[in-house]
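Written out below as structure tokens is the structure these notes cover.
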Amino acid sequence: MKDKVIPYGRQQITDEDIQAVIETLQSDYLTQGPKIGEFEAAFAQYTRSRYAVAVANGTAALHLSVMALGLKAGDQVITTPITFAASANCVRYCGGEVVFADIDPETFLLDVHAVRKLLAAAPKGRYKGIIPVDFGGRAVDLEAFRQLADEYGLWILEDACHAPGGYFTDQQKEQHYCGSGTFADLAIFSFHPVKHIACGEGGMVTTNDEKLYQQLLGLRTHGITKTEAEYSNTIAFAGGTDHYPGWYMEMQTLGYNYRLTDFQAALGLSQLKRADEGIARRREIAAVYEQAFAGKTYVKRQAGVVDGHAYHLYVLEVEDRLGLYNHLRSQQIFAQIHYIPCHLMPYYRQLGWKEGDMPQAESYYRNCISLPMYPSLTAEEQAFVIDEINRYYHA
Ligand SMILES: Cc1ncc(COP(=O)(O)O)c(C=O)c1O
């Protein structure tokens, strides 16, 4: 076992996936073609949302989302420090100001009470939006955030990169899937290889708002439209007589090239077919970890078995985290740390954030470790991981 590296996450590529990519490579389309629309439709259905827009990666999805939501220089947006930096950085791309609020130590997610405190302490209108993150695959209670957002007139952008297929249960016992758009204005996903669905690079935005959907379609392709009804230049200017000539198009807003390729979409579509199977396996792995670590004195807190959790990660908070991390590495078990608090990255320190600002997030960071979690992790490999952890603590 020791000769084989066990990473914290890994993709699974089947022969069917490879065949799907080959077929697309042999077709007429390399960049946006028919697979994009198919992937978008299937993904919208999977997340129970009305619209989906495929983009180049999760970061592009975030960038386009805050643009579509109208973020402007100086606007303030609230997010969690326990996330990948991209969740916050998108605000900076538009010249906005990131305001971190602390996490709930029980769930590791953005604390709705901390956000309420921030909002209550500021004049109405200071904050424009909230970016909650379904960190590790645990779905944020967006019903609670929606109430708050409505009170203060804010938009919600759900960063669901870790949680396609995850859900939370509302007060009426109804399940809401991550990215369903029931409570958030927009949600974004990443198809980076360690995520549930791998495209190499890839991302998606989901929404139920047709206007935002139309904006996103334009923004991902340079703000160009080929819809005649939207043209503002005259037919004569375009070079036509009684209608716009075939070549004509207009760039109406400043957009980007954030397109996904058709062969990546083919891979995503093929992977999506196994998404439920993958989550079911992740939940089995989580249940085994939960039982193995229950009551262990070296464990301060564990992700545990949580309804609707999509288990991108399985996080433990432990004593002597560095020692455990090094021991696991010596056994070729590559656990990982998610995340170094974003507000303490040098870039955000330069903007004024400092140690002590987010006590819960900082305490979490001192103890957290993400254990191997991916559908192809075998029972034998998982037993080896658990045994090595117990061996380290002589438990
Ligand atoms: C929570 C979160 N948000 C955003 C991103 C950015 O996604 P991508 O790497 O596809 O740009 C990631 C990916 O690492 C992520 O984990």
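Within each chain, counting starts at residue 1; across the structure tokens, chains are named A, B, ... in the order shown, with ligands numbered 1 upward in that order.
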With only C-alpha atoms and all ligand atoms counted and 10 Å as the cut-off, give the residues of chain A in contact with ligand 1, each with its shortest interatomic distance in Å and the pair that gives it, as a tab-separated table.
```
residue	atom	partner	partner_atom_place_in_ligand_line	distance
A:Val55	CA	ligand 1	10 (O)	9.4
A:Ala56	CA	ligand 1	10 (O)	7.7
A:Asn57	CA	ligand 1	10 (O)	3.9
A:Gly58	CA	ligand 1	7 (O)	3.4
A:Thr59	CA	ligand 1	11 (O)	3.7
A:Ala60	CA	ligand 1	11 (O)	6.4
A:Ala61	CA	ligand 1	11 (O)	7.8
A:Leu62	CA	ligand 1	4 (C)	7.3
A:His63	CA	ligand 1	11 (O)	9.8
A:Ile82	CA	ligand 1	1 (C)	8.7
A:Thr83	CA	ligand 1	1 (C)	5.2
A:Phe84	CA	ligand 1	2 (C)	4.8
A:Ala85	CA	ligand 1	3 (N)	7.2
A:Ala86	CA	ligand 1	4 (C)	4.9
A:Ser87	CA	ligand 1	3 (N)	5.0
A:Ala88	CA	ligand 1	3 (N)	8.6
A:Asn89	CA	ligand 1	4 (C)	9.4
A:Cys90	CA	ligand 1	4 (C)	9.4
A:Pro132	CA	ligand 1	1 (C)	9.5
A:Val133	CA	ligand 1	1 (C)	6.2
A:Asp134	CA	ligand 1	1 (C)	7.4
A:Phe135	CA	ligand 1	1 (C)	6.4
A:Gly136	CA	ligand 1	1 (C)	8.1
A:Gly137	CA	ligand 1	1 (C)	9.4
A:Glu158	CA	ligand 1	3 (N)	9.6
A:Asp159	CA	ligand 1	3 (N)	5.9
A:Ala160	CA	ligand 1	1 (C)	6.9
A:Cys161	CA	ligand 1	2 (C)	5.1
A:His162	CA	ligand 1	1 (C)	6.1
A:Ala163	CA	ligand 1	1 (C)	9.2
A:Ile188	CA	ligand 1	4 (C)	8.0
A:Phe189	CA	ligand 1	7 (O)	7.1
A:Ser190	CA	ligand 1	10 (O)	4.1
A:Phe191	CA	ligand 1	10 (O)	5.7
A:His192	CA	ligand 1	10 (O)	5.1
A:Pro193	CA	ligand 1	10 (O)	8.9
A:Val194	CA	ligand 1	14 (O)	8.3
A:Lys195	CA	ligand 1	13 (C)	8.0
A:Ala198	CA	ligand 1	10 (O)	9.7
A:Cys199	CA	ligand 1	10 (O)	9.5
A:Gly200	CA	ligand 1	10 (O)	8.9
A:Glu201	CA	ligand 1	10 (O)	6.0
A:Gly202	CA	ligand 1	10 (O)	5.7
A:Gly203	CA	ligand 1	10 (O)	5.8
A:Met204	CA	ligand 1	10 (O)	9.1
A:His312	CA	ligand 1	16 (O)	9.4
A:His338	CA	ligand 1	16 (O)	9.1
A:Tyr339	CA	ligand 1	16 (O)	9.5
```
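Across segment 140-296 of chain A, DSSP run on the backbone finds strand (DSSP E) at Trp155, Ile156, Leu157, Glu158, Asp159, Tyr167, Phe168, Thr169, Gln175, His176, Tyr177, Leu186, Ala187, Ile188, Phe189, Ser190, Gly203, Met204, Val205, Thr206, Thr207, Ile224, Thr225, Glu250 and Met251 of chain A.
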### Contacts of Arg259 of chain A at 8 Å (only C-alpha atoms; same-chain gap of 6+ positions) as a ChimeraX atom specification
/A:31-32,54-56,220-221
Those same residues - N, CA and C atoms - I'd like them written as a PDB file, in the first residue's frame.
```
ATOM      1  N   THR A  31     -14.323  24.337 -30.559  1.00  0.00           N
ATOM      2  CA  THR A  31     -14.840  25.238 -29.531  1.00  0.00           C
ATOM      3  C   THR A  31     -16.364  25.147 -29.547  1.00  0.00           C
ATOM      4  N   GLN A  32     -17.086  26.131 -29.030  1.00  0.00           N
ATOM      5  CA  GLN A  32     -18.523  25.937 -28.789  1.00  0.00           C
ATOM      6  C   GLN A  32     -19.260  25.271 -29.943  1.00  0.00           C
ATOM      7  N   ALA A  54     -22.284  27.382 -19.698  1.00  0.00           N
ATOM      8  CA  ALA A  54     -20.966  26.747 -19.556  1.00  0.00           C
ATOM      9  C   ALA A  54     -19.873  27.769 -19.840  1.00  0.00           C
ATOM     10  N   VAL A  55     -18.846  27.772 -19.014  1.00  0.00           N
ATOM     11  CA  VAL A  55     -17.724  28.710 -19.185  1.00  0.00           C
ATOM     12  C   VAL A  55     -16.397  27.992 -18.974  1.00  0.00           C
ATOM     13  N   ALA A  56     -15.305  28.747 -19.138  1.00  0.00           N
ATOM     14  CA  ALA A  56     -13.965  28.163 -19.180  1.00  0.00           C
ATOM     15  C   ALA A  56     -13.514  27.533 -17.863  1.00  0.00           C
ATOM     16  N   ARG A 220     -19.775  35.960 -21.926  1.00  0.00           N
ATOM     17  CA  ARG A 220     -18.769  34.900 -22.105  1.00  0.00           C
ATOM     18  C   ARG A 220     -18.142  34.956 -23.504  1.00  0.00           C
ATOM     19  N   THR A 221     -18.759  35.679 -24.426  1.00  0.00           N
ATOM     20  CA  THR A 221     -18.204  35.814 -25.783  1.00  0.00           C
ATOM     21  C   THR A 221     -18.073  37.286 -26.145  1.00  0.00           C
TER      22      THR A 221
END
```
### Message
Need to verify the contact set: segment 10-22 of chain A, 12 Å, only C-alpha atoms, exclusion of same-chain residues closer than 5 positions in sequence. Can you return it as a PyMOL selection string?
### Response
chain A and resi 5+27+29-30+35+191-200+261-275+278+312-313+334-335+372-377
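The interatomic distance for the pair atom CA of Leu316 of chain A and atom CA of Gly352 of chain A works out to 29.9 Å.
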### Query
Quick one: of A:Gln360, A:Gln252, A:Thr107, A:Ser65, who's nearest to His222 of chain A, counting only C-alpha atoms?
A:Gln252
